[in-house]
$ cat structure-v4.cif   # mmCIF, C-alpha atoms and all ligand atoms
data_final
loop_
_atom_site.label_atom_id
_atom_site.label_comp_id
_atom_site.auth_asym_id
_atom_site.auth_seq_id
_atom_site.Cartn_x
_atom_site.Cartn_y
_atom_site.Cartn_z
CA MET N 1 -57.35 -168.41 57.25
CA GLY N 2 -55.19 -166.70 59.96
CA ALA N 3 -57.83 -165.24 62.28
CA HIS N 4 -59.88 -168.44 62.25
CA ALA N 5 -57.12 -171.04 62.16
CA LEU N 6 -57.73 -173.92 64.54
CA LEU N 7 -54.44 -173.46 66.37
CA SER N 8 -53.89 -169.82 67.18
CA PRO N 9 -50.69 -168.49 68.80
CA SER N 10 -52.71 -166.80 71.57
CA SER N 11 -54.16 -170.16 72.66
CA SER N 12 -50.93 -172.09 72.04
CA LYS N 13 -50.19 -172.77 75.72
CA ARG N 14 -53.56 -174.47 75.93
CA TRP N 15 -53.39 -176.68 72.83
CA PHE N 16 -49.73 -177.47 73.54
CA GLU N 17 -50.50 -178.68 77.09
CA CYS N 18 -53.89 -180.21 76.27
CA THR N 19 -53.76 -181.27 72.62
CA PRO N 20 -57.48 -182.15 72.12
CA SER N 21 -58.64 -178.76 73.49
CA ALA N 22 -58.67 -176.80 70.21
CA LYS N 23 -61.03 -179.29 68.55
CA LEU N 24 -63.19 -179.57 71.68
CA GLU N 25 -63.56 -175.79 71.77
CA LEU N 26 -65.14 -175.80 68.32
CA GLY N 27 -68.41 -176.93 69.88
CA PHE N 28 -68.68 -173.75 71.96
CA PRO N 29 -69.32 -170.17 70.83
CA ASP N 30 -66.36 -167.85 70.46
CA THR N 31 -67.44 -164.60 72.06
CA SER N 32 -65.42 -161.42 71.86
CA SER N 33 -65.08 -159.61 75.18
CA THR N 34 -64.84 -155.91 75.99
CA ALA N 35 -61.34 -156.61 77.31
CA ALA N 36 -60.34 -157.99 73.89
CA GLU N 37 -61.75 -154.92 72.12
CA GLU N 38 -59.96 -152.66 74.56
CA GLY N 39 -56.71 -154.55 73.87
CA THR N 40 -57.18 -154.13 70.12
CA LEU N 41 -57.62 -150.37 70.52
CA ALA N 42 -54.53 -150.09 72.77
CA HIS N 43 -52.52 -152.03 70.16
CA GLU N 44 -53.69 -149.75 67.36
CA ILE N 45 -52.57 -146.68 69.31
CA GLY N 46 -49.24 -148.32 70.14
CA GLU N 47 -48.80 -149.18 66.48
CA ALA N 48 -49.47 -145.56 65.51
CA PHE N 49 -46.72 -144.34 67.86
CA LEU N 50 -44.24 -146.89 66.51
CA ASN N 51 -45.12 -146.09 62.90
CA GLN N 52 -44.32 -142.49 63.70
CA HIS N 53 -40.74 -143.72 64.04
CA ASN N 54 -40.67 -145.73 60.80
CA HIS N 55 -42.87 -143.53 58.62
CA PRO N 56 -43.24 -140.17 60.39
CA VAL N 57 -46.11 -137.89 59.44
CA PRO N 58 -46.36 -134.18 60.39
CA ALA N 59 -47.45 -133.56 64.01
CA LYS N 60 -50.80 -132.13 62.85
CA ILE N 61 -51.66 -135.29 60.92
CA PHE N 62 -50.51 -137.48 63.77
CA LYS N 63 -52.74 -135.55 66.16
CA LEU N 64 -55.71 -136.10 63.83
CA LYS N 65 -54.95 -139.80 63.86
CA LEU N 66 -54.93 -139.83 67.67
CA ASP N 67 -58.18 -137.85 67.69
CA GLU N 68 -59.76 -140.66 65.69
CA PHE N 69 -58.85 -143.13 68.45
CA LYS N 70 -60.40 -140.82 71.03
CA LYS N 71 -63.81 -141.31 69.41
CA HIS N 72 -63.81 -145.01 70.34
CA THR N 73 -66.24 -145.82 73.15
CA LEU N 74 -63.54 -147.73 75.04
CA TYR N 75 -60.94 -144.96 74.75
CA GLU N 76 -59.43 -143.55 77.96
CA ASP N 77 -56.68 -140.91 78.21
CA VAL N 78 -54.45 -143.31 80.09
CA MET N 79 -54.41 -145.54 77.00
CA LEU N 80 -52.47 -142.88 75.14
CA GLU N 81 -49.93 -142.72 77.92
CA HIS N 82 -49.53 -146.51 78.03
CA ALA N 83 -49.24 -146.76 74.24
CA GLU N 84 -46.61 -143.99 74.12
CA ASN N 85 -44.59 -145.62 76.90
CA TYR N 86 -44.84 -148.98 75.15
CA ALA N 87 -43.51 -147.43 71.95
CA GLY N 88 -40.71 -145.83 74.01
CA PHE N 89 -39.87 -149.24 75.44
CA VAL N 90 -39.66 -150.83 71.98
CA LEU N 91 -37.60 -147.97 70.59
CA SER N 92 -35.19 -148.22 73.53
CA LYS N 93 -34.10 -151.55 71.99
CA MET N 94 -32.95 -149.80 68.81
CA ARG N 95 -29.35 -149.00 68.04
CA ARG N 96 -27.89 -147.20 65.05
CA ASN N 97 -28.22 -150.09 62.61
CA SER N 98 -31.35 -151.74 63.99
CA TYR N 99 -34.47 -152.49 61.97
CA LEU N 100 -37.96 -152.03 63.38
CA PHE N 101 -40.93 -154.04 62.09
CA VAL N 102 -44.37 -153.16 63.40
CA GLU N 103 -47.43 -155.45 63.46
CA THR N 104 -45.83 -157.99 61.15
CA ARG N 105 -47.92 -160.88 59.91
CA LEU N 106 -46.00 -164.13 60.19
CA ASP N 107 -46.47 -167.49 58.53
CA LEU N 108 -46.17 -170.15 61.24
CA THR N 109 -47.18 -173.13 59.11
CA LYS N 110 -43.69 -174.61 59.14
CA TYR N 111 -44.42 -175.59 62.75
CA VAL N 112 -48.18 -175.30 63.27
CA PRO N 113 -50.71 -176.37 60.60
CA GLU N 114 -52.61 -173.44 59.04
CA ALA N 115 -51.33 -170.99 61.66
CA PHE N 116 -50.49 -167.35 61.15
CA GLY N 117 -49.75 -164.68 63.72
CA THR N 118 -49.10 -160.98 64.05
CA THR N 119 -46.27 -159.73 66.23
CA ASP N 120 -46.56 -156.34 67.86
CA ALA N 121 -42.98 -155.19 67.41
CA ILE N 122 -39.74 -156.71 66.19
CA VAL N 123 -36.35 -155.07 66.49
CA ILE N 124 -33.47 -156.79 64.74
CA ASP N 125 -30.00 -155.63 65.47
CA ASP N 126 -27.39 -157.72 63.69
CA LYS N 127 -27.47 -161.04 65.54
CA ILE N 128 -30.10 -160.10 68.15
CA LEU N 129 -33.84 -160.37 67.68
CA ASP N 130 -35.88 -158.38 70.20
CA LEU N 131 -39.55 -159.22 70.10
CA SER N 132 -42.04 -157.19 72.16
CA ASP N 133 -45.62 -158.04 72.97
CA LEU N 134 -48.03 -155.46 74.41
CA LYS N 135 -50.43 -157.05 76.86
CA TYR N 136 -53.23 -154.71 77.86
CA GLY N 137 -54.93 -157.08 80.29
CA LYS N 138 -55.02 -156.26 83.97
CA GLY N 139 -56.23 -159.55 85.44
CA VAL N 140 -53.40 -162.03 85.08
CA LYS N 141 -49.70 -161.17 84.97
CA VAL N 142 -48.02 -162.55 81.85
CA PHE N 143 -44.39 -163.65 81.94
CA ALA N 144 -41.85 -163.91 79.14
CA GLU N 145 -40.04 -167.05 80.25
CA ASP N 146 -40.98 -169.96 78.02
CA ASN N 147 -44.00 -167.98 76.81
CA MET N 148 -45.52 -170.15 74.08
CA GLN N 149 -47.06 -167.34 72.08
CA LEU N 150 -43.79 -165.40 71.99
CA LYS N 151 -41.80 -168.51 71.10
CA LEU N 152 -44.13 -169.10 68.15
CA TYR N 153 -43.74 -165.50 67.00
CA ALA N 154 -39.98 -165.78 67.38
CA LEU N 155 -39.93 -168.93 65.24
CA GLY N 156 -42.06 -167.19 62.61
CA THR N 157 -39.70 -164.21 62.66
CA LEU N 158 -36.60 -166.40 62.31
CA GLU N 159 -38.22 -168.08 59.32
CA GLU N 160 -39.36 -164.80 57.75
CA TYR N 161 -36.00 -163.05 57.99
CA ARG N 162 -33.59 -165.98 57.77
CA MET N 163 -32.26 -164.88 54.35
CA GLU N 164 -31.53 -161.33 55.52
CA PHE N 165 -30.25 -161.75 59.07
CA ASP N 166 -28.10 -164.25 60.86
CA ILE N 167 -29.88 -164.11 64.22
CA GLU N 168 -28.21 -165.89 67.14
CA ILE N 169 -30.04 -164.55 70.19
CA VAL N 170 -33.77 -164.15 70.66
CA ARG N 171 -35.04 -161.80 73.35
CA MET N 172 -38.73 -161.81 74.20
CA ASN N 173 -40.37 -158.97 76.07
CA ILE N 174 -43.78 -158.67 77.68
CA TYR N 175 -44.94 -155.09 78.18
CA GLN N 176 -48.02 -155.10 80.43
CA PRO N 177 -48.58 -151.53 81.59
CA ARG N 178 -51.73 -152.01 83.63
CA MET N 179 -49.97 -154.55 85.82
CA ASN N 180 -46.72 -152.60 86.03
CA ASN N 181 -45.09 -155.58 84.42
CA ILE N 182 -42.17 -155.62 82.03
CA ASP N 183 -40.60 -159.02 81.69
CA THR N 184 -37.82 -160.24 79.43
CA TRP N 185 -36.45 -163.67 78.60
CA GLU N 186 -33.68 -164.76 76.29
CA ILE N 187 -32.94 -167.96 74.39
CA GLY N 188 -30.41 -168.97 71.73
CA ALA N 189 -31.88 -169.07 68.22
CA SER N 190 -30.57 -172.59 67.58
CA GLU N 191 -32.11 -173.89 70.83
CA LEU N 192 -35.44 -172.34 69.88
CA LEU N 193 -35.34 -173.80 66.38
CA GLU N 194 -34.61 -177.23 67.80
CA TRP N 195 -37.54 -176.93 70.21
CA GLY N 196 -39.76 -175.83 67.33
CA GLU N 197 -38.83 -178.80 65.18
CA ASN N 198 -38.70 -181.56 67.79
CA ILE N 199 -41.21 -180.55 70.47
CA LEU N 200 -43.63 -177.97 69.10
CA LYS N 201 -44.22 -179.45 65.65
CA PRO N 202 -45.33 -182.94 66.80
CA ARG N 203 -47.56 -181.46 69.55
CA ALA N 204 -49.14 -179.07 67.03
CA GLU N 205 -49.83 -181.96 64.65
CA MET N 206 -51.55 -183.87 67.46
CA ALA N 207 -53.56 -180.78 68.41
CA PHE N 208 -54.58 -180.22 64.81
CA LYS N 209 -55.99 -183.75 64.66
CA GLY N 210 -57.53 -183.46 68.14
CA GLU N 211 -55.41 -186.35 69.41
CA GLY N 212 -53.83 -186.92 72.81
CA GLU N 213 -55.01 -186.61 76.38
CA THR N 214 -57.06 -183.80 77.89
CA ILE N 215 -54.82 -182.42 80.62
CA PRO N 216 -56.20 -179.81 83.04
CA GLY N 217 -54.15 -176.94 84.41
CA ASP N 218 -54.25 -173.16 84.65
CA HIS N 219 -54.36 -173.14 80.81
CA CYS N 220 -58.05 -174.18 81.19
CA ARG N 221 -58.94 -170.60 82.30
CA PHE N 222 -59.86 -169.40 78.79
CA CYS N 223 -60.82 -172.75 77.28
CA ARG N 224 -64.31 -172.54 75.81
CA ALA N 225 -64.93 -176.23 76.63
CA LYS N 226 -64.18 -175.87 80.34
CA SER N 227 -67.77 -176.00 81.59
CA ARG N 228 -68.32 -179.43 80.03
CA CYS N 229 -64.79 -180.83 80.12
CA LYS N 230 -64.67 -184.22 81.85
CA ALA N 231 -60.94 -184.09 82.55
CA LEU N 232 -61.34 -180.81 84.41
CA ALA N 233 -64.36 -182.12 86.31
CA THR N 234 -62.46 -185.29 87.26
CA TYR N 235 -59.57 -183.15 88.50
CA GLY N 236 -61.94 -181.22 90.75
CA LEU N 237 -63.98 -184.17 91.95
CA GLU N 238 -61.16 -186.60 92.65
CA LEU N 239 -60.07 -184.42 95.55
CA ALA N 240 -63.55 -184.57 97.06
CA LYS N 241 -63.62 -188.37 96.73
CA LYS N 242 -60.17 -188.85 98.22
CA ASP N 243 -59.76 -190.82 101.44
CA PHE N 244 -57.88 -188.51 103.73
CA VAL N 245 -55.74 -190.00 106.47
CA GLN N 246 -57.39 -188.60 109.59
CA PRO N 247 -61.10 -189.34 110.04
CA HIS N 248 -62.22 -185.80 110.97
CA LEU N 249 -59.58 -183.14 110.39
CA LEU N 250 -57.25 -182.52 107.45
CA SER N 251 -53.50 -182.60 108.09
CA ASP N 252 -51.20 -179.76 106.94
CA ALA N 253 -50.09 -181.86 103.96
CA GLU N 254 -53.71 -182.52 102.96
CA LEU N 255 -54.58 -178.84 103.30
CA MET N 256 -51.64 -178.00 101.02
CA GLU N 257 -52.94 -180.49 98.46
CA VAL N 258 -56.31 -178.68 98.42
CA TYR N 259 -54.61 -175.27 98.30
CA GLY N 260 -52.32 -176.30 95.44
CA LYS N 261 -55.31 -177.34 93.33
CA GLN N 262 -57.72 -174.57 94.28
CA GLU N 263 -56.94 -172.31 91.30
CA VAL N 264 -57.82 -174.93 88.69
CA ILE N 265 -60.79 -176.16 90.73
CA SER N 266 -62.10 -172.55 91.00
CA ILE N 267 -61.79 -172.19 87.20
CA TRP N 268 -63.91 -175.33 86.81
CA VAL N 269 -66.56 -174.43 89.44
CA LYS N 270 -66.94 -170.92 88.00
CA ALA N 271 -67.16 -172.25 84.43
CA VAL N 272 -69.88 -174.75 85.38
CA SER N 273 -71.92 -172.21 87.33
CA ASP N 274 -71.55 -169.51 84.61
CA TYR N 275 -72.62 -172.00 81.94
CA ILE N 276 -75.64 -173.28 83.90
CA PHE N 277 -76.73 -169.73 84.70
CA ALA N 278 -76.35 -168.52 81.09
CA GLN N 279 -78.38 -171.47 79.84
CA ALA N 280 -81.08 -170.87 82.48
CA VAL N 281 -81.36 -167.21 81.46
CA ALA N 282 -81.63 -168.39 77.85
CA GLY N 283 -84.68 -170.46 78.86
CA LYS N 284 -83.32 -173.89 79.77
CA GLU N 285 -85.02 -175.59 82.74
CA TRP N 286 -82.54 -177.30 85.06
CA LYS N 287 -84.06 -180.10 87.14
CA GLY N 288 -84.25 -179.08 90.82
CA PHE N 289 -83.44 -175.40 90.17
CA LYS N 290 -85.33 -172.29 89.05
CA LEU N 291 -84.52 -168.68 88.27
CA VAL N 292 -85.76 -166.21 90.89
CA GLU N 293 -85.38 -162.51 91.41
CA GLY N 294 -82.14 -161.81 93.28
CA LYS N 295 -81.44 -159.22 95.95
CA SER N 296 -81.64 -155.60 94.92
CA ASN N 297 -80.86 -152.33 96.68
CA ARG N 298 -83.42 -149.57 97.18
CA VAL N 299 -82.99 -146.55 94.89
CA PHE N 300 -84.73 -143.16 94.70
CA LYS N 301 -87.54 -143.07 92.19
CA ASP N 302 -86.37 -139.57 91.26
CA ALA N 303 -83.31 -138.29 93.19
CA ALA N 304 -83.59 -134.68 91.98
CA GLU N 305 -87.29 -134.50 92.88
CA THR N 306 -86.59 -136.03 96.29
CA GLU N 307 -83.89 -133.45 96.98
CA LYS N 308 -86.18 -130.57 95.97
CA LEU N 309 -89.02 -131.87 98.10
CA LEU N 310 -86.85 -132.35 101.19
CA LEU N 311 -85.32 -128.86 100.90
CA LYS N 312 -88.77 -127.35 100.42
CA ASN N 313 -89.84 -129.01 103.65
CA GLY N 314 -86.91 -127.56 105.59
CA PHE N 315 -84.57 -130.56 105.69
CA LYS N 316 -81.01 -129.28 105.27
CA ASP N 317 -78.83 -132.00 106.67
CA ILE N 318 -79.28 -134.33 103.73
CA TYR N 319 -75.81 -134.27 102.06
CA THR N 320 -72.67 -136.32 102.60
CA PRO N 321 -69.57 -134.29 103.56
CA LYS N 322 -67.43 -133.25 100.61
CA GLN N 323 -64.79 -135.87 99.88
CA LEU N 324 -61.58 -135.78 97.90
CA LEU N 325 -61.94 -137.45 94.53
CA GLY N 326 -60.22 -140.78 93.88
CA ILE N 327 -56.67 -140.69 92.42
CA GLY N 328 -57.63 -141.26 88.76
CA ALA N 329 -60.58 -138.84 88.87
CA LEU N 330 -58.48 -136.20 90.67
CA GLU N 331 -55.73 -136.38 88.03
CA LYS N 332 -58.35 -135.98 85.35
CA ALA N 333 -60.02 -133.08 87.18
CA ILE N 334 -56.95 -130.92 87.89
CA GLY N 335 -54.73 -132.00 84.98
CA LYS N 336 -51.61 -134.14 84.84
CA LYS N 337 -49.01 -131.42 85.52
CA PRO N 338 -50.65 -129.86 88.64
CA PHE N 339 -51.33 -133.40 89.83
CA GLN N 340 -47.61 -134.24 89.63
CA GLU N 341 -46.69 -130.94 91.32
CA HIS N 342 -49.14 -131.03 94.23
CA VAL N 343 -50.08 -134.61 94.86
CA ILE N 344 -47.80 -136.99 96.67
CA LEU N 345 -48.70 -140.64 96.32
CA ILE N 346 -47.38 -143.54 98.31
CA LYS N 347 -47.72 -147.21 97.59
CA PRO N 348 -48.58 -149.07 100.80
CA LYS N 349 -47.15 -152.51 101.22
CA GLY N 350 -49.51 -155.04 99.62
CA ALA N 351 -51.26 -157.66 101.73
CA PRO N 352 -49.46 -161.02 101.84
CA ALA N 353 -50.49 -163.63 99.28
CA LEU N 354 -49.57 -167.30 99.43
CA VAL N 355 -48.24 -168.39 96.03
CA PRO N 356 -46.16 -171.34 94.76
CA ASP N 357 -42.47 -171.02 95.71
CA THR N 358 -41.59 -170.92 92.00
CA ASP N 359 -43.12 -167.40 91.82
CA SER N 360 -40.47 -164.78 90.97
CA ARG N 361 -41.53 -162.28 93.67
CA ALA N 362 -39.38 -161.88 96.80
CA LYS N 363 -40.54 -163.50 100.01
CA TYR N 364 -42.92 -161.29 102.05
CA GLU N 365 -41.20 -159.39 104.89
CA PHE N 366 -43.33 -159.07 108.03
CA LYS N 367 -42.90 -156.11 110.40
CA LYS N 368 -43.10 -158.57 113.26
CA THR N 369 -42.74 -162.29 112.69
CA ALA N 370 -45.60 -163.97 110.88
CA ALA N 371 -46.37 -165.93 114.02
CA GLU N 372 -46.67 -162.72 116.10
CA ASP N 373 -48.93 -161.20 113.46
CA PHE N 374 -51.22 -164.11 112.78
CA GLY N 375 -50.43 -166.84 115.28
CA PRO N 376 -50.34 -170.04 113.23
CA VAL N 377 -52.20 -173.09 114.39
CA GLU N 378 -49.79 -175.99 114.63
CA GLU N 379 -50.79 -179.25 113.01
CA ASP N 380 -50.13 -181.18 116.22
CA GLU N 381 -52.56 -179.00 118.17
CA LEU N 382 -55.38 -180.11 115.90
CA LEU N 383 -54.54 -183.69 115.12
CA ASN N 384 -53.24 -185.00 118.43
S1 LIG W 1 -60.90 -177.41 80.00
FE1 LIG W 1 -58.72 -177.78 80.21
S2 LIG W 1 -58.51 -180.01 80.17
FE2 LIG W 1 -60.52 -179.53 79.34
S3 LIG W 1 -60.24 -179.38 77.14
FE3 LIG W 1 -60.03 -177.31 77.95
S4 LIG W 1 -57.83 -177.08 78.29
FE4 LIG W 1 -58.22 -179.28 78.08
#
$ encode --input "structure-v4.cif" --output "structure tokens"
Amino acid sequence: MGAHALLSPSSSKRWFECTPSAKLELGFPDTSSTAAEEGTLAHEIGEAFLNQHNHPVPAKIFKLKLDEFKKHTLYEDVMLEHAENYAGFVLSKMRRNSYLFVETRLDLTKYVPEAFGTTDAIVIDDKILDLSDLKYGKGVKVFAEDNMQLKLYALGTLEEYRMEFDIEIVRMNIYQPRMNNIDTWEIGASELLEWGENILKPRAEMAFKGEGETIPGDHCRFCRAKSRCKALATYGLELAKKDFVQPHLLSDAELMEVYGKQEVISIWVKAVSDYIFAQAVAGKEWKGFKLVEGKSNRVFKDAAETEKLLLKNGFKDIYTPKQLLGIGALEKAIGKKPFQEHVILIKPKGAPALVPDTDSRAKYEFKKTAAEDFGPVEEDELLN
């Protein structure tokens, strides 16, 4: 039942925040993405490295195993590096008397009906449980603090090993190599158990029955019902219907209201337009709209033939100047060691991004003051 249980740990933030979502999603197809397949492969390689610690095989056999992974269409050399570093990270949690459990299937039904989950890596050292989760995504940074999926896995682990270990502290780690993100959060085992019993369990029961209110938020991003969800649409549209104070121009406070909601509204607008487009391509006629041929760029009918013909006719100046390869391609071309020896990389300061003040990143430091750089427009200048 695990893989197809209604309430999965990976979607737990969603069904916890919006309890009817899991049932609503049932009406929409569950498609597997390339990113998910890529993540599965990265996990399998990480698992192989960790198993080499628990059940080592001779180097030759291990190499053969890695060679198998290399045959996968989504395999990239950097995956091996990330998986090895991930395993190194997990093993760095081990002390002399620690136990390592890799890809452990956990029964979560004490808290969530019909739910099972698989943790990537568990290290138990006397009274400390260290749980690590490899995230191979590179789109959205994942944090450990209050992470629902990890809390569920931790509860499952406490239940699974409660006879053997007297765990007091639970540490949860996110290892997300493609976003340079390692994040750790800690909670007392008794506090977590209390949360599981008193908060999680009743929410999970509501979600299992499809009860409660649909509540939009950034958890809607991967909800399969988002294109048709009325609560999400209402959230987006209520802003448009709002009576703003000034007749013509928005005040700073009103602009901030729009800005604060733009992420969820963008999720909704994109979901609706993706859904309508996919249906149109599948043959559905939408009143007032039609499918047309979009813009396309000119291409050579036969590039090699064109080149030959031009050279034959005396045209020589037909090539772009030679350029240095991009960083990834250059490392691949000359090899990792020479790359480290001869290539110096710098990381330029990233462009400023405006995020909620709860974000853990430090405040952006301008070379000059922000006003000198960008020259803000004062609210009074516009409204008075
Ligand atoms: S789109 Fe958001 S509000 Fe609507 S059902 Fe899904 S999670 Fe709930």
$ residues_near_ligand --input "structure-v4.cif" --ligand "ligand LIG 1 (chain W)" --cutoff "10 Å" --atoms "only C-alpha atoms and all ligand atoms" --output "PyMOL selection string"
chain N and resi 11+13-25+213-235+264+267-268+271
$ write_last_selection --input "structure-v4.cif" --atoms "C-alpha atoms" --output "short mmCIF file (atom, residue, chain, number, x, y, z; two decimals), in the frame of the given file"
data_model
loop_
_atom_site.label_atom_id
_atom_site.label_comp_id
_atom_site.auth_asym_id
_atom_site.auth_seq_id
_atom_site.Cartn_x
_atom_site.Cartn_y
_atom_site.Cartn_z
CA SER N 11 -54.16 -170.16 72.66
CA LYS N 13 -50.19 -172.77 75.72
CA ARG N 14 -53.56 -174.47 75.93
CA TRP N 15 -53.39 -176.68 72.83
CA PHE N 16 -49.73 -177.47 73.54
CA GLU N 17 -50.50 -178.68 77.09
CA CYS N 18 -53.89 -180.21 76.27
CA THR N 19 -53.76 -181.27 72.62
CA PRO N 20 -57.48 -182.15 72.12
CA SER N 21 -58.64 -178.76 73.49
CA ALA N 22 -58.67 -176.80 70.21
CA LYS N 23 -61.03 -179.29 68.55
CA LEU N 24 -63.19 -179.57 71.68
CA GLU N 25 -63.56 -175.79 71.77
CA GLU N 213 -55.01 -186.61 76.38
CA THR N 214 -57.06 -183.80 77.89
CA ILE N 215 -54.82 -182.42 80.62
CA PRO N 216 -56.20 -179.81 83.04
CA GLY N 217 -54.15 -176.94 84.41
CA ASP N 218 -54.25 -173.16 84.65
CA HIS N 219 -54.36 -173.14 80.81
CA CYS N 220 -58.05 -174.18 81.19
CA ARG N 221 -58.94 -170.60 82.30
CA PHE N 222 -59.86 -169.40 78.79
CA CYS N 223 -60.82 -172.75 77.28
CA ARG N 224 -64.31 -172.54 75.81
CA ALA N 225 -64.93 -176.23 76.63
CA LYS N 226 -64.18 -175.87 80.34
CA SER N 227 -67.77 -176.00 81.59
CA ARG N 228 -68.32 -179.43 80.03
CA CYS N 229 -64.79 -180.83 80.12
CA LYS N 230 -64.67 -184.22 81.85
CA ALA N 231 -60.94 -184.09 82.55
CA LEU N 232 -61.34 -180.81 84.41
CA ALA N 233 -64.36 -182.12 86.31
CA THR N 234 -62.46 -185.29 87.26
CA TYR N 235 -59.57 -183.15 88.50
CA VAL N 264 -57.82 -174.93 88.69
CA ILE N 267 -61.79 -172.19 87.20
CA TRP N 268 -63.91 -175.33 86.81
CA ALA N 271 -67.16 -172.25 84.43
#
$ residues_around --input "structure-v4.cif" --residues "Arg178 of chain N" --least-positions-apart "3" --cutoff "12 Å" --atoms "all atoms listed in the file" --output "number ranges by chain"
N: 39, 42, 78-79, 81-83, 85-86, 134-142, 174-175, 181-182
$ atom_distance --input "structure-v4.cif" --atom1 "atom CA of Ile124 of chain N" --atom2 "atom CA of Val90 of chain N"
11.2 Å
$ residues_around --input "structure-v4.cif" --residues "Glu68 of chain N" --least-positions-apart "5" --cutoff "12 Å" --atoms "only C-alpha atoms" --output "MDAnalysis selection string"
chainID N and resid 41 44:45 48 61:63 73 75
$ atom_distance --input "structure-v4.cif" --atom1 "atom CA of Leu200 of chain N" --atom2 "atom CA of Thr157 of chain N"
15.7 Å
$ residues_around --input "structure-v4.cif" --residues "Glu47 of chain N" --least-positions-apart "5" --cutoff "8 Å" --atoms "only C-alpha atoms" --output "VMD selection string"
chain N and resid 87 102 to 103 120
$ atom_distance --input "structure-v4.cif" --atom1 "atom CA of Leu193 of chain N" --atom2 "atom CA of Tyr99 of chain N"
21.8 Å
$ residues_around --input "structure-v4.cif" --residues "Lys110 of chain N" --least-positions-apart "4" --cutoff "10 Å" --atoms "all atoms listed in the file" --output "list of chain:residue names"
N:Glu114, N:Ala115, N:Leu155, N:Gly156, N:Glu159, N:Gly196, N:Glu197, N:Lys201
$ write_last_selection --input "structure-v4.cif" --atoms "C-alpha atoms" --output "PDB file, in the coordinates of the input"
ATOM      1  CA  GLU N 114     -52.610-173.440  59.040  1.00  0.00           C
ATOM      2  CA  ALA N 115     -51.330-170.990  61.660  1.00  0.00           C
ATOM      3  CA  LEU N 155     -39.930-168.930  65.240  1.00  0.00           C
ATOM      4  CA  GLY N 156     -42.060-167.190  62.610  1.00  0.00           C
ATOM      5  CA  GLU N 159     -38.220-168.080  59.320  1.00  0.00           C
ATOM      6  CA  GLY N 196     -39.760-175.830  67.330  1.00  0.00           C
ATOM      7  CA  GLU N 197     -38.830-178.800  65.180  1.00  0.00           C
ATOM      8  CA  LYS N 201     -44.220-179.450  65.650  1.00  0.00           C
TER       9      LYS N 201
END
$ residues_around --input "structure-v4.cif" --residues "Lys151 of chain N" --least-positions-apart "5" --cutoff "10 Å" --atoms "all atoms listed in the file" --output "list in words"
Pro9, Ser12, Leu131, Ala144, Glu145, Asp146, Gly156, Thr157, Val170, Arg171, Met172, Ile187, Leu192, Leu193, Trp195, Gly196 and Leu200 of chain N
$ write_last_selection --input "structure-v4.cif" --atoms "C-alpha atoms" --output "PDB file, in the coordinates of the input"
ATOM      1  CA  PRO N   9     -50.690-168.490  68.800  1.00  0.00           C
ATOM      2  CA  SER N  12     -50.930-172.090  72.040  1.00  0.00           C
ATOM      3  CA  LEU N 131     -39.550-159.220  70.100  1.00  0.00           C
ATOM      4  CA  ALA N 144     -41.850-163.910  79.140  1.00  0.00           C
ATOM      5  CA  GLU N 145     -40.040-167.050  80.250  1.00  0.00           C
ATOM      6  CA  ASP N 146     -40.980-169.960  78.020  1.00  0.00           C
ATOM      7  CA  GLY N 156     -42.060-167.190  62.610  1.00  0.00           C
ATOM      8  CA  THR N 157     -39.700-164.210  62.660  1.00  0.00           C
ATOM      9  CA  VAL N 170     -33.770-164.150  70.660  1.00  0.00           C
ATOM     10  CA  ARG N 171     -35.040-161.800  73.350  1.00  0.00           C
ATOM     11  CA  MET N 172     -38.730-161.810  74.200  1.00  0.00           C
ATOM     12  CA  ILE N 187     -32.940-167.960  74.390  1.00  0.00           C
ATOM     13  CA  LEU N 192     -35.440-172.340  69.880  1.00  0.00           C
ATOM     14  CA  LEU N 193     -35.340-173.800  66.380  1.00  0.00           C
ATOM     15  CA  TRP N 195     -37.540-176.930  70.210  1.00  0.00           C
ATOM     16  CA  GLY N 196     -39.760-175.830  67.330  1.00  0.00           C
ATOM     17  CA  LEU N 200     -43.630-177.970  69.100  1.00  0.00           C
TER      18      LEU N 200
END
$ closest_residue --input "structure-v4.cif" --among "N:Leu152, N:Thr184, N:Tyr275, N:Thr358" --to "Phe28 of chain N" --atoms "all atoms listed in the file"
N:Tyr275
$ closest_residue --input "structure-v4.cif" --among "N:Thr40, N:Pro356, N:Phe339, N:Lys349" --to "Glu263 of chain N" --atoms "all atoms listed in the file"
N:Pro356
$ residues_near_point --input "structure-v4.cif" --point "(-55.2, -166.6, 63.6)" --cutoff "9 Å" --atoms "only C-alpha atoms" --output "PyMOL selection string"
chain N and resi 1-10+114-118
$ write_last_selection --input "structure-v4.cif" --atoms "C-alpha atoms" --output "CSV table (one decimal), keeping the file's coordinate frame"
chain,number,residue,atom,x,y,z
N,1,MET,CA,-57.4,-168.4,57.2
N,2,GLY,CA,-55.2,-166.7,60.0
N,3,ALA,CA,-57.8,-165.2,62.3
N,4,HIS,CA,-59.9,-168.4,62.2
N,5,ALA,CA,-57.1,-171.0,62.2
N,6,LEU,CA,-57.7,-173.9,64.5
N,7,LEU,CA,-54.4,-173.5,66.4
N,8,SER,CA,-53.9,-169.8,67.2
N,9,PRO,CA,-50.7,-168.5,68.8
N,10,SER,CA,-52.7,-166.8,71.6
N,114,GLU,CA,-52.6,-173.4,59.0
N,115,ALA,CA,-51.3,-171.0,61.7
N,116,PHE,CA,-50.5,-167.4,61.2
N,117,GLY,CA,-49.8,-164.7,63.7
N,118,THR,CA,-49.1,-161.0,64.0
